[in-house]
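What follows is one structure encoded as structure tokens, with my remarks underneath.
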Amino acid sequence: MNKTDFSRRRKQPFGGMLLFMVNFLKKSLVIEIDSFVNFLNSKSNLTSVKKFTKSAFVQKRMKINPAVFKYLSQVIIKNTYIESNTTIKLFYGFRILSVDGSKLTLPNTEELKKEFGESKNQTDTGVVQARISVLYDVLNSLVLDSEMDKLKTCERTLALRHSIQWKKNDLIIYDRGYPSYDFKYEHINAGIDYLIRVKTSHSKIVQCFVDSGEKAIVTEIFPQEKHSFIGKNYNKNSPLKVRLVRVDLPSGEVEVLMTSLLDSEKYPTKIFKELYFMRWGIETFYDELKNKLKVGCFTGYSKISILQDFFCAIFISNLQSIIVNDLQEELNIKNHNTKLNYKINSNLSYGFLKNRILELLTKEASLENIFNELQNLFIQNTIPIRPNRNNKRNVGRYRNRIKPLVLKNQKDAL
């Protein structure tokens, strides 16, 4: 946080604090510290670590800028998306990305309530929450950027902050909460393609398209009359060309997708159902973040602690994805003679990383040995992919009740 921080030799150096924080701190800090020190000292090839107190850690962590974990994630990203990496998955030459926002419940303190905001229900019961957003590569399971801000911050505002990671040949998929003229204009102006689901009642143009029964059309849209044009590079007469695509679901529901991919020969209508379904990858990521990585189990009550825990969880997720992505060839061989395809059990994979991540990130450790050990554990513990399984959503079931207990067919690995 300051230039003088960690400038003196102490029991807890900067690197040591980072190692401790990435080791899945889900139990009491006293127990985690004891386990951390004992594990490192039990490894003859690792540097001896002196025991420290919970109070010392809490004081030291206040000197660490949470952005360090975003930086570490970017180290992974920059070393992954390089020309020589032929394992990167693309679709029609695009890097398929998705953005979605969510709420994260925080400890109920006055400081956090003032900093992030409070959400209340109809009984005026309030909980402290923050708004989070991620830019996610759904084919390669990597978080390219993440944000946490006040609860009142608009999801579109957070989504545009991810633009620092946009690149040529990116296609970004959004859900129904994002469509607006200005939002689409920002993408076109930056040379980035998009695919957005819109409500059938989104506009008269969309309503007429649905009523027509056509599968796809290219049309023009304009800003709304009440739109503010102050500081904008367009006015009410500035058109944007978009393509509307109709997707009929098995349930009989009609989905309408709006995209900047106008060329019907290069991007046929039939690909868009599969393309939009890829957005589901970001939903499963949030499930991992909240239920497997347990990002909501914070290790402190200050703003800095909250941000550190959040960005640290993103870094760990990316590290796990890199290991899993390297196993794709072995998975293909394993799936060759099986009735169902199998995938890595993400819940167990995070559990296997506990403590082993310390060796993986320590220079003195044998990276090849620990990496092979992790990959063997991952590949030995796979789960089948059962196609065409779905659970009907009961929207509003818990609207007037407390947050329900999530029943799972698995034991927590952390």
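Chain labels run A, B, ... following the order of the structure tokens; each chain numbers its residues from 1, and ligands are numbered from 1 in the order shown.
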Compile the contact shell of segment 369-380 of chain A as a PyMOL selection string: residues with an atom at most 10 Å away, counting only C-alpha atoms, same-chain residues fewer than 5 positions apart removed.
-> chain A and resi 320+323-324+326-328+330-331+334+342-346+348-350+352-353+356-357+359-360
Can I get the selection written as a compact mmCIF listing (two decimals), in the first residue's frame, with N, CA and C atoms?
# COMPACT_ATOMS: atom_id res chain seq x y z
N GLN A 320 -6.18 -23.09 -11.23
CA GLN A 320 -6.78 -24.42 -11.36
C GLN A 320 -7.17 -24.70 -12.81
N ILE A 323 -4.21 -25.81 -15.00
CA ILE A 323 -3.84 -27.21 -14.78
C ILE A 323 -4.83 -28.13 -15.48
N VAL A 324 -6.13 -27.82 -15.35
CA VAL A 324 -7.17 -28.65 -15.97
C VAL A 324 -7.09 -28.60 -17.50
N ASP A 326 -4.56 -28.27 -19.35
CA ASP A 326 -3.43 -29.08 -19.82
C ASP A 326 -3.74 -30.58 -19.84
N LEU A 327 -4.86 -30.96 -19.21
CA LEU A 327 -5.24 -32.37 -19.14
C LEU A 327 -6.21 -32.78 -20.24
N GLN A 328 -6.52 -31.87 -21.16
CA GLN A 328 -7.54 -32.16 -22.17
C GLN A 328 -7.18 -33.37 -23.03
N GLU A 330 -5.32 -35.99 -22.22
CA GLU A 330 -5.52 -37.20 -21.41
C GLU A 330 -7.00 -37.52 -21.25
N LEU A 331 -7.82 -36.48 -21.11
CA LEU A 331 -9.27 -36.69 -21.00
C LEU A 331 -9.84 -37.26 -22.29
N LYS A 334 -9.12 -40.89 -22.35
CA LYS A 334 -9.96 -41.59 -21.38
C LYS A 334 -11.40 -41.72 -21.89
N TYR A 342 -16.19 -37.72 -19.81
CA TYR A 342 -15.90 -37.37 -18.42
C TYR A 342 -15.17 -36.04 -18.36
N LYS A 343 -15.33 -35.36 -17.23
CA LYS A 343 -14.65 -34.09 -17.00
C LYS A 343 -14.04 -34.10 -15.60
N ILE A 344 -13.15 -33.14 -15.37
CA ILE A 344 -12.50 -33.03 -14.07
C ILE A 344 -13.51 -32.61 -13.01
N ASN A 345 -13.45 -33.24 -11.85
CA ASN A 345 -14.30 -32.86 -10.72
C ASN A 345 -13.72 -31.59 -10.09
N SER A 346 -14.33 -30.46 -10.42
CA SER A 346 -13.78 -29.18 -9.98
C SER A 346 -13.79 -29.05 -8.46
N LEU A 348 -13.34 -31.42 -6.14
CA LEU A 348 -12.19 -32.13 -5.58
C LEU A 348 -10.87 -31.48 -6.00
N SER A 349 -10.84 -30.93 -7.21
CA SER A 349 -9.58 -30.36 -7.70
C SER A 349 -9.13 -29.20 -6.81
N TYR A 350 -10.08 -28.39 -6.33
CA TYR A 350 -9.71 -27.31 -5.42
C TYR A 350 -9.21 -27.88 -4.10
N PHE A 352 -7.64 -30.72 -3.70
CA PHE A 352 -6.30 -31.25 -3.91
C PHE A 352 -5.25 -30.13 -3.94
N LEU A 353 -5.65 -28.93 -4.29
CA LEU A 353 -4.70 -27.82 -4.37
C LEU A 353 -4.29 -27.31 -2.99
N ARG A 356 -0.72 -28.02 -1.59
CA ARG A 356 0.12 -28.26 -2.77
C ARG A 356 0.37 -26.97 -3.54
N ILE A 357 -0.54 -26.03 -3.41
CA ILE A 357 -0.35 -24.74 -4.08
C ILE A 357 0.87 -24.02 -3.51
N GLU A 359 3.70 -25.49 -2.58
CA GLU A 359 4.87 -26.05 -3.27
C GLU A 359 4.92 -25.55 -4.72
N LEU A 360 3.75 -25.46 -5.32
CA LEU A 360 3.69 -25.06 -6.73
C LEU A 360 4.20 -23.64 -6.93
To test your reading of the structure, identify every residue in segment 16-83 of chain A that backbone DSSP assigns to alpha helix (DSSP H), and report it as an mmCIF file with all heavy atoms, in the first residue's frame.
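Done, and the output landed in states_20.cif:
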data_model
loop_
_atom_site.group_PDB
_atom_site.id
_atom_site.type_symbol
_atom_site.label_atom_id
_atom_site.label_comp_id
_atom_site.auth_asym_id
_atom_site.auth_seq_id
_atom_site.Cartn_x
_atom_site.Cartn_y
_atom_site.Cartn_z
ATOM 1 N N GLY A 16 5.784 -14.346 1.737
ATOM 2 C CA GLY A 16 5.212 -15.313 2.673
ATOM 3 C C GLY A 16 3.752 -15.042 2.968
ATOM 4 O O GLY A 16 2.938 -15.961 3.083
ATOM 5 N N MET A 17 3.396 -13.754 3.084
ATOM 6 C CA MET A 17 1.996 -13.386 3.317
ATOM 7 C C MET A 17 1.110 -13.775 2.136
ATOM 8 O O MET A 17 -0.002 -14.265 2.307
ATOM 9 C CB MET A 17 1.891 -11.886 3.582
ATOM 10 C CG MET A 17 2.414 -11.431 4.937
ATOM 11 S SD MET A 17 1.440 -12.077 6.348
ATOM 12 C CE MET A 17 2.411 -13.531 6.800
ATOM 13 N N LEU A 18 1.632 -13.566 0.910
ATOM 14 C CA LEU A 18 0.852 -13.933 -0.278
ATOM 15 C C LEU A 18 0.643 -15.442 -0.341
ATOM 16 O O LEU A 18 -0.460 -15.918 -0.664
ATOM 17 C CB LEU A 18 1.558 -13.445 -1.544
ATOM 18 C CG LEU A 18 1.635 -11.934 -1.761
ATOM 19 C CD1 LEU A 18 2.201 -11.632 -3.146
ATOM 20 C CD2 LEU A 18 0.283 -11.266 -1.605
ATOM 21 N N LEU A 19 1.696 -16.211 -0.050
ATOM 22 C CA LEU A 19 1.572 -17.670 -0.037
ATOM 23 C C LEU A 19 0.500 -18.121 0.940
ATOM 24 O O LEU A 19 -0.320 -18.992 0.644
ATOM 25 C CB LEU A 19 2.910 -18.310 0.344
ATOM 26 C CG LEU A 19 3.941 -18.514 -0.759
ATOM 27 C CD1 LEU A 19 5.221 -19.086 -0.184
ATOM 28 C CD2 LEU A 19 3.392 -19.427 -1.843
ATOM 29 N N PHE A 20 0.507 -17.526 2.126
ATOM 30 C CA PHE A 20 -0.481 -17.894 3.141
ATOM 31 C C PHE A 20 -1.894 -17.570 2.661
ATOM 32 O O PHE A 20 -2.818 -18.368 2.829
ATOM 33 C CB PHE A 20 -0.173 -17.148 4.441
ATOM 34 C CG PHE A 20 -1.175 -17.401 5.541
ATOM 35 C CD1 PHE A 20 -1.361 -18.677 6.050
ATOM 36 C CD2 PHE A 20 -1.929 -16.365 6.066
ATOM 37 C CE1 PHE A 20 -2.277 -18.919 7.059
ATOM 38 C CE2 PHE A 20 -2.843 -16.593 7.073
ATOM 39 C CZ PHE A 20 -3.023 -17.875 7.569
ATOM 40 N N MET A 21 -2.070 -16.436 2.011
ATOM 41 C CA MET A 21 -3.405 -15.987 1.614
ATOM 42 C C MET A 21 -3.991 -16.802 0.454
ATOM 43 O O MET A 21 -5.212 -16.897 0.323
ATOM 44 C CB MET A 21 -3.355 -14.500 1.255
ATOM 45 C CG MET A 21 -3.065 -13.611 2.464
ATOM 46 S SD MET A 21 -2.674 -11.901 2.036
ATOM 47 C CE MET A 21 -4.296 -11.302 1.592
ATOM 48 N N LEU A 29 -8.326 -18.630 11.534
ATOM 49 C CA LEU A 29 -6.999 -18.181 11.136
ATOM 50 C C LEU A 29 -5.903 -18.816 11.995
ATOM 51 O O LEU A 29 -4.800 -19.100 11.517
ATOM 52 C CB LEU A 29 -6.910 -16.658 11.217
ATOM 53 C CG LEU A 29 -7.560 -15.877 10.069
ATOM 54 C CD1 LEU A 29 -7.455 -14.387 10.319
ATOM 55 C CD2 LEU A 29 -6.913 -16.237 8.738
ATOM 56 N N VAL A 30 -6.183 -19.049 13.257
ATOM 57 C CA VAL A 30 -5.195 -19.666 14.141
ATOM 58 C C VAL A 30 -4.847 -21.070 13.644
ATOM 59 O O VAL A 30 -3.673 -21.463 13.586
ATOM 60 C CB VAL A 30 -5.714 -19.727 15.589
ATOM 61 C CG1 VAL A 30 -4.738 -20.476 16.484
ATOM 62 C CG2 VAL A 30 -5.947 -18.316 16.121
ATOM 63 N N ILE A 31 -5.867 -21.835 13.263
ATOM 64 C CA ILE A 31 -5.645 -23.189 12.746
ATOM 65 C C ILE A 31 -4.922 -23.137 11.406
ATOM 66 O O ILE A 31 -4.010 -23.928 11.141
ATOM 67 C CB ILE A 31 -6.991 -23.931 12.610
ATOM 68 C CG1 ILE A 31 -7.619 -24.139 13.995
ATOM 69 C CG2 ILE A 31 -6.812 -25.258 11.888
ATOM 70 C CD1 ILE A 31 -8.992 -24.760 13.958
ATOM 71 N N GLU A 32 -5.318 -22.191 10.537
ATOM 72 C CA GLU A 32 -4.690 -22.063 9.218
ATOM 73 C C GLU A 32 -3.208 -21.694 9.351
ATOM 74 O O GLU A 32 -2.365 -22.205 8.614
ATOM 75 C CB GLU A 32 -5.429 -21.020 8.387
ATOM 76 C CG GLU A 32 -6.829 -21.417 7.949
ATOM 77 C CD GLU A 32 -6.837 -22.491 6.863
ATOM 78 O OE1 GLU A 32 -5.757 -22.985 6.504
ATOM 79 O OE2 GLU A 32 -7.928 -22.836 6.387
ATOM 80 N N ILE A 33 -2.892 -20.799 10.275
ATOM 81 C CA ILE A 33 -1.489 -20.396 10.478
ATOM 82 C C ILE A 33 -0.656 -21.582 10.944
ATOM 83 O O ILE A 33 0.443 -21.838 10.437
ATOM 84 C CB ILE A 33 -1.403 -19.232 11.489
ATOM 85 C CG1 ILE A 33 -1.997 -17.955 10.886
ATOM 86 C CG2 ILE A 33 0.049 -18.988 11.905
ATOM 87 C CD1 ILE A 33 -2.164 -16.816 11.877
ATOM 88 N N ASP A 34 -1.202 -22.344 11.896
ATOM 89 C CA ASP A 34 -0.488 -23.510 12.407
ATOM 90 C C ASP A 34 -0.257 -24.538 11.304
ATOM 91 O O ASP A 34 0.848 -25.089 11.166
ATOM 92 C CB ASP A 34 -1.292 -24.134 13.550
ATOM 93 C CG ASP A 34 -0.577 -25.328 14.186
ATOM 94 O OD1 ASP A 34 0.463 -25.111 14.821
ATOM 95 O OD2 ASP A 34 -1.067 -26.457 14.018
ATOM 96 N N SER A 35 -1.284 -24.791 10.496
ATOM 97 C CA SER A 35 -1.169 -25.752 9.396
ATOM 98 C C SER A 35 -0.168 -25.277 8.351
ATOM 99 O O SER A 35 0.643 -26.052 7.843
ATOM 100 C CB SER A 35 -2.545 -25.957 8.747
ATOM 101 O OG SER A 35 -2.446 -26.761 7.596
ATOM 102 N N PHE A 36 -0.202 -23.981 8.034
ATOM 103 C CA PHE A 36 0.692 -23.377 7.042
ATOM 104 C C PHE A 36 2.159 -23.509 7.469
ATOM 105 O O PHE A 36 3.014 -23.969 6.695
ATOM 106 C CB PHE A 36 0.305 -21.908 6.865
ATOM 107 C CG PHE A 36 1.239 -21.094 6.018
ATOM 108 C CD1 PHE A 36 1.240 -21.225 4.639
ATOM 109 C CD2 PHE A 36 2.100 -20.172 6.601
ATOM 110 C CE1 PHE A 36 2.097 -20.463 3.846
ATOM 111 C CE2 PHE A 36 2.960 -19.400 5.827
ATOM 112 C CZ PHE A 36 2.956 -19.551 4.450
ATOM 113 N N VAL A 37 2.453 -23.128 8.686
ATOM 114 C CA VAL A 37 3.832 -23.170 9.189
ATOM 115 C C VAL A 37 4.333 -24.605 9.270
ATOM 116 O O VAL A 37 5.456 -24.922 8.838
ATOM 117 C CB VAL A 37 3.925 -22.475 10.563
ATOM 118 C CG1 VAL A 37 5.311 -22.679 11.174
ATOM 119 C CG2 VAL A 37 3.605 -20.994 10.423
ATOM 120 N N ASN A 38 3.508 -25.508 9.817
ATOM 121 C CA ASN A 38 3.915 -26.915 9.959
ATOM 122 C C ASN A 38 4.146 -27.577 8.611
ATOM 123 O O ASN A 38 5.082 -28.364 8.439
ATOM 124 C CB ASN A 38 2.868 -27.705 10.751
ATOM 125 C CG ASN A 38 2.833 -27.320 12.211
ATOM 126 O OD1 ASN A 38 3.807 -26.783 12.748
ATOM 127 N ND2 ASN A 38 1.715 -27.564 12.872
ATOM 128 N N PHE A 39 3.296 -27.258 7.636
ATOM 129 C CA PHE A 39 3.449 -27.881 6.315
ATOM 130 C C PHE A 39 4.743 -27.438 5.649
ATOM 131 O O PHE A 39 5.507 -28.268 5.151
ATOM 132 C CB PHE A 39 2.254 -27.529 5.418
ATOM 133 C CG PHE A 39 2.381 -28.084 4.023
ATOM 134 C CD1 PHE A 39 2.039 -29.397 3.763
ATOM 135 C CD2 PHE A 39 2.852 -27.299 2.977
ATOM 136 C CE1 PHE A 39 2.170 -29.926 2.480
ATOM 137 C CE2 PHE A 39 2.985 -27.812 1.701
ATOM 138 C CZ PHE A 39 2.642 -29.133 1.448
ATOM 139 N N LEU A 40 4.995 -26.141 5.628
ATOM 140 C CA LEU A 40 6.204 -25.655 4.975
ATOM 141 C C LEU A 40 7.471 -26.139 5.684
ATOM 142 O O LEU A 40 8.465 -26.470 5.036
ATOM 143 C CB LEU A 40 6.189 -24.127 4.902
ATOM 144 C CG LEU A 40 5.182 -23.500 3.924
ATOM 145 C CD1 LEU A 40 5.360 -21.986 3.879
ATOM 146 C CD2 LEU A 40 5.334 -24.075 2.521
ATOM 147 N N ASN A 41 7.437 -26.179 6.994
ATOM 148 C CA ASN A 41 8.617 -26.631 7.742
ATOM 149 C C ASN A 41 8.847 -28.135 7.609
ATOM 150 O O ASN A 41 9.943 -28.631 7.855
ATOM 151 C CB ASN A 41 8.497 -26.253 9.215
ATOM 152 C CG ASN A 41 8.688 -24.757 9.434
ATOM 153 O OD1 ASN A 41 9.324 -24.074 8.637
ATOM 154 N ND2 ASN A 41 8.133 -24.246 10.514
ATOM 155 N N SER A 42 7.798 -28.875 7.218
ATOM 156 C CA SER A 42 7.943 -30.327 7.049
ATOM 157 C C SER A 42 8.586 -30.679 5.715
ATOM 158 O O SER A 42 8.999 -31.816 5.506
ATOM 159 C CB SER A 42 6.575 -31.009 7.150
ATOM 160 O OG SER A 42 5.764 -30.661 6.034
ATOM 161 N N LYS A 54 -2.139 -14.489 14.791
ATOM 162 C CA LYS A 54 -3.280 -13.993 14.015
ATOM 163 C C LYS A 54 -3.242 -12.470 13.929
ATOM 164 O O LYS A 54 -3.482 -11.874 12.869
ATOM 165 C CB LYS A 54 -4.578 -14.466 14.668
ATOM 166 C CG LYS A 54 -5.842 -13.865 14.068
ATOM 167 C CD LYS A 54 -7.066 -14.353 14.828
ATOM 168 C CE LYS A 54 -8.322 -13.639 14.346
ATOM 169 N NZ LYS A 54 -9.519 -14.100 15.093
ATOM 170 N N SER A 55 -2.926 -11.816 15.042
ATOM 171 C CA SER A 55 -2.866 -10.358 15.086
ATOM 172 C C SER A 55 -1.795 -9.827 14.136
ATOM 173 O O SER A 55 -2.002 -8.832 13.447
ATOM 174 C CB SER A 55 -2.575 -9.886 16.511
ATOM 175 O OG SER A 55 -2.419 -8.480 16.561
ATOM 176 N N ALA A 56 -0.639 -10.513 14.096
ATOM 177 C CA ALA A 56 0.437 -10.077 13.207
ATOM 178 C C ALA A 56 0.001 -10.162 11.743
ATOM 179 O O ALA A 56 0.295 -9.269 10.941
ATOM 180 C CB ALA A 56 1.681 -10.937 13.444
ATOM 181 N N PHE A 57 -0.715 -11.237 11.394
ATOM 182 C CA PHE A 57 -1.201 -11.386 10.015
ATOM 183 C C PHE A 57 -2.193 -10.286 9.646
ATOM 184 O O PHE A 57 -2.124 -9.691 8.568
ATOM 185 C CB PHE A 57 -1.848 -12.754 9.824
ATOM 186 C CG PHE A 57 -2.647 -12.865 8.555
ATOM 187 C CD1 PHE A 57 -2.016 -12.845 7.315
ATOM 188 C CD2 PHE A 57 -4.032 -12.962 8.586
ATOM 189 C CE1 PHE A 57 -2.754 -12.926 6.141
ATOM 190 C CE2 PHE A 57 -4.774 -13.047 7.431
ATOM 191 C CZ PHE A 57 -4.128 -13.028 6.202
ATOM 192 N N VAL A 58 -3.139 -10.028 10.559
ATOM 193 C CA VAL A 58 -4.153 -9.003 10.296
ATOM 194 C C VAL A 58 -3.504 -7.638 10.058
ATOM 195 O O VAL A 58 -3.916 -6.877 9.172
ATOM 196 C CB VAL A 58 -5.159 -8.934 11.468
ATOM 197 C CG1 VAL A 58 -6.088 -7.731 11.306
ATOM 198 C CG2 VAL A 58 -5.967 -10.224 11.548
ATOM 199 N N GLN A 59 -2.467 -7.331 10.847
ATOM 200 C CA GLN A 59 -1.769 -6.051 10.675
ATOM 201 C C GLN A 59 -0.986 -6.016 9.365
ATOM 202 O O GLN A 59 -0.986 -5.005 8.660
ATOM 203 C CB GLN A 59 -0.827 -5.821 11.857
ATOM 204 C CG GLN A 59 -1.539 -5.610 13.192
ATOM 205 C CD GLN A 59 -0.571 -5.457 14.343
ATOM 206 O OE1 GLN A 59 0.316 -4.608 14.312
ATOM 207 N NE2 GLN A 59 -0.716 -6.298 15.369
ATOM 208 N N LYS A 60 -0.336 -7.132 9.035
ATOM 209 C CA LYS A 60 0.473 -7.183 7.815
ATOM 210 C C LYS A 60 -0.380 -7.105 6.560
ATOM 211 O O LYS A 60 0.003 -6.485 5.567
ATOM 212 C CB LYS A 60 1.305 -8.461 7.795
ATOM 213 C CG LYS A 60 2.474 -8.459 8.763
ATOM 214 C CD LYS A 60 3.577 -7.516 8.287
ATOM 215 C CE LYS A 60 4.781 -7.589 9.192
ATOM 216 N NZ LYS A 60 5.866 -6.682 8.760
ATOM 217 N N ARG A 61 -1.548 -7.747 6.581
ATOM 218 C CA ARG A 61 -2.366 -7.783 5.374
ATOM 219 C C ARG A 61 -2.877 -6.390 4.993
ATOM 220 O O ARG A 61 -3.188 -6.143 3.825
ATOM 221 C CB ARG A 61 -3.536 -8.753 5.546
ATOM 222 C CG ARG A 61 -4.706 -8.219 6.391
ATOM 223 C CD ARG A 61 -5.821 -9.224 6.513
ATOM 224 N NE ARG A 61 -6.262 -9.699 5.215
ATOM 225 C CZ ARG A 61 -7.188 -10.642 5.044
ATOM 226 N NH1 ARG A 61 -7.748 -11.216 6.106
ATOM 227 N NH2 ARG A 61 -7.548 -11.000 3.838
ATOM 228 N N ALA A 67 -4.823 -5.328 -5.366
ATOM 229 C CA ALA A 67 -4.531 -5.401 -6.797
ATOM 230 C C ALA A 67 -3.415 -6.388 -7.113
ATOM 231 O O ALA A 67 -3.238 -6.770 -8.280
ATOM 232 C CB ALA A 67 -4.172 -4.014 -7.335
ATOM 233 N N VAL A 68 -2.662 -6.819 -6.096
ATOM 234 C CA VAL A 68 -1.576 -7.766 -6.355
ATOM 235 C C VAL A 68 -2.125 -9.076 -6.918
ATOM 236 O O VAL A 68 -1.503 -9.712 -7.772
ATOM 237 C CB VAL A 68 -0.750 -8.029 -5.073
ATOM 238 C CG1 VAL A 68 -1.554 -8.766 -4.019
ATOM 239 C CG2 VAL A 68 0.510 -8.832 -5.409
ATOM 240 N N PHE A 69 -3.328 -9.469 -6.495
ATOM 241 C CA PHE A 69 -3.918 -10.711 -6.992
ATOM 242 C C PHE A 69 -4.454 -10.550 -8.407
ATOM 243 O O PHE A 69 -4.455 -11.512 -9.188
ATOM 244 C CB PHE A 69 -5.000 -11.195 -6.029
ATOM 245 C CG PHE A 69 -4.467 -11.559 -4.670
ATOM 246 C CD1 PHE A 69 -4.721 -10.761 -3.567
ATOM 247 C CD2 PHE A 69 -3.685 -12.684 -4.497
ATOM 248 C CE1 PHE A 69 -4.217 -11.085 -2.317
ATOM 249 C CE2 PHE A 69 -3.170 -13.019 -3.253
ATOM 250 C CZ PHE A 69 -3.433 -12.216 -2.163
ATOM 251 N N LYS A 70 -4.912 -9.341 -8.753
ATOM 252 C CA LYS A 70 -5.297 -9.088 -10.135
ATOM 253 C C LYS A 70 -4.059 -9.146 -11.032
ATOM 254 O O LYS A 70 -4.109 -9.646 -12.157
ATOM 255 C CB LYS A 70 -5.978 -7.719 -10.261
ATOM 256 C CG LYS A 70 -7.303 -7.597 -9.526
ATOM 257 C CD LYS A 70 -8.054 -6.320 -9.878
ATOM 258 C CE LYS A 70 -8.664 -6.397 -11.252
ATOM 259 N NZ LYS A 70 -9.555 -5.245 -11.546
ATOM 260 N N TYR A 71 -2.944 -8.627 -10.504
ATOM 261 C CA TYR A 71 -1.685 -8.668 -11.254
ATOM 262 C C TYR A 71 -1.244 -10.115 -11.493
ATOM 263 O O TYR A 71 -0.839 -10.482 -12.608
ATOM 264 C CB TYR A 71 -0.595 -7.902 -10.499
ATOM 265 C CG TYR A 71 0.779 -8.077 -11.079
ATOM 266 C CD1 TYR A 71 1.200 -7.346 -12.185
ATOM 267 C CD2 TYR A 71 1.667 -9.011 -10.536
ATOM 268 C CE1 TYR A 71 2.469 -7.524 -12.725
ATOM 269 C CE2 TYR A 71 2.929 -9.197 -11.065
ATOM 270 C CZ TYR A 71 3.330 -8.451 -12.162
ATOM 271 O OH TYR A 71 4.570 -8.644 -12.693
ATOM 272 N N LEU A 72 -1.333 -10.957 -10.456
ATOM 273 C CA LEU A 72 -0.939 -12.357 -10.596
ATOM 274 C C LEU A 72 -1.833 -13.087 -11.598
ATOM 275 O O LEU A 72 -1.355 -13.940 -12.360
ATOM 276 C CB LEU A 72 -1.000 -13.052 -9.228
ATOM 277 C CG LEU A 72 0.050 -12.607 -8.206
ATOM 278 C CD1 LEU A 72 -0.195 -13.269 -6.853
ATOM 279 C CD2 LEU A 72 1.458 -12.924 -8.700
ATOM 280 N N SER A 73 -3.124 -12.755 -11.610
ATOM 281 C CA SER A 73 -4.028 -13.345 -12.607
ATOM 282 C C SER A 73 -3.621 -12.939 -14.012
ATOM 283 O O SER A 73 -3.672 -13.742 -14.954
ATOM 284 C CB SER A 73 -5.477 -12.912 -12.336
ATOM 285 O OG SER A 73 -6.032 -13.629 -11.255
ATOM 286 N N GLN A 74 -3.203 -11.675 -14.159
ATOM 287 C CA GLN A 74 -2.783 -11.205 -15.475
ATOM 288 C C GLN A 74 -1.500 -11.893 -15.943
ATOM 289 O O GLN A 74 -1.284 -12.067 -17.146
ATOM 290 C CB GLN A 74 -2.606 -9.685 -15.462
ATOM 291 C CG GLN A 74 -3.906 -8.913 -15.437
ATOM 292 C CD GLN A 74 -4.866 -9.347 -16.535
ATOM 293 O OE1 GLN A 74 -4.507 -9.379 -17.709
ATOM 294 N NE2 GLN A 74 -6.080 -9.691 -16.139
ATOM 295 N N VAL A 75 -0.635 -12.282 -15.004
ATOM 296 C CA VAL A 75 0.559 -13.051 -15.375
ATOM 297 C C VAL A 75 0.142 -14.366 -16.033
ATOM 298 O O VAL A 75 0.696 -14.781 -17.057
ATOM 299 C CB VAL A 75 1.436 -13.323 -14.135
ATOM 300 C CG1 VAL A 75 2.563 -14.301 -14.480
ATOM 301 C CG2 VAL A 75 2.024 -12.028 -13.600
ATOM 302 N N ILE A 76 -0.879 -15.026 -15.452
ATOM 303 C CA ILE A 76 -1.404 -16.270 -16.032
ATOM 304 C C ILE A 76 -2.000 -16.000 -17.412
ATOM 305 O O ILE A 76 -1.729 -16.724 -18.374
ATOM 306 C CB ILE A 76 -2.464 -16.886 -15.102
ATOM 307 C CG1 ILE A 76 -1.812 -17.392 -13.815
ATOM 308 C CG2 ILE A 76 -3.198 -18.027 -15.808
ATOM 309 C CD1 ILE A 76 -2.780 -17.966 -12.817
ATOM 310 N N ILE A 77 -2.821 -14.944 -17.516
ATOM 311 C CA ILE A 77 -3.497 -14.628 -18.780
ATOM 312 C C ILE A 77 -2.486 -14.334 -19.885
ATOM 313 O O ILE A 77 -2.587 -14.867 -21.006
ATOM 314 C CB ILE A 77 -4.447 -13.429 -18.583
ATOM 315 C CG1 ILE A 77 -5.526 -13.749 -17.548
ATOM 316 C CG2 ILE A 77 -5.075 -13.028 -19.912
ATOM 317 C CD1 ILE A 77 -6.380 -14.935 -17.875
ATOM 318 N N LYS A 78 -1.501 -13.489 -19.593
ATOM 319 C CA LYS A 78 -0.522 -13.097 -20.614
ATOM 320 C C LYS A 78 0.312 -14.275 -21.084
ATOM 321 O O LYS A 78 0.738 -14.314 -22.237
ATOM 322 C CB LYS A 78 0.376 -11.985 -20.067
ATOM 323 C CG LYS A 78 -0.333 -10.647 -19.905
ATOM 324 C CD LYS A 78 0.591 -9.589 -19.307
ATOM 325 C CE LYS A 78 -0.147 -8.264 -19.136
ATOM 326 N NZ LYS A 78 0.719 -7.218 -18.507
ATOM 327 N N ASN A 79 0.564 -15.231 -20.205
ATOM 328 C CA ASN A 79 1.357 -16.391 -20.586
ATOM 329 C C ASN A 79 0.512 -17.496 -21.214
ATOM 330 O O ASN A 79 1.059 -18.514 -21.649
ATOM 331 C CB ASN A 79 2.101 -16.934 -19.368
ATOM 332 C CG ASN A 79 3.316 -16.108 -19.001
ATOM 333 O OD1 ASN A 79 4.380 -16.253 -19.596
ATOM 334 N ND2 ASN A 79 3.142 -15.202 -18.053
ATOM 335 N N THR A 80 -0.805 -17.306 -21.235
ATOM 336 C CA THR A 80 -1.703 -18.287 -21.855
ATOM 337 C C THR A 80 -2.057 -17.889 -23.277
ATOM 338 O O THR A 80 -1.960 -18.696 -24.206
ATOM 339 C CB THR A 80 -2.989 -18.445 -21.022
ATOM 340 O OG1 THR A 80 -2.648 -18.874 -19.700
ATOM 341 C CG2 THR A 80 -3.924 -19.463 -21.657
#
Out of segment 148-223 of chain A, which residues get strand (DSSP E) from DSSP, as a list in words?
->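 Secondary structure check on segment 148-223 of chain A, strand (DSSP E): Met148, Asp149, Lys150, Asp170, Leu171, Ile172, Ile173, Tyr174, Asp193, Tyr194, Leu195, Ile196, Arg197, Val198, Ala216, Ile217, Val218, Thr219, Glu220 and Ile221 of chain A.
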With a distance cut-off of 12 Å and only C-alpha atoms, select the neighbouring residues of Pro268 of chain A, excluding the residue or stretch itself and same-chain residues fewer than 6 positions from it, and output the selection as a PyMOL selection string.
-> chain A and resi 92+215-217+243+245+261-262+274-275
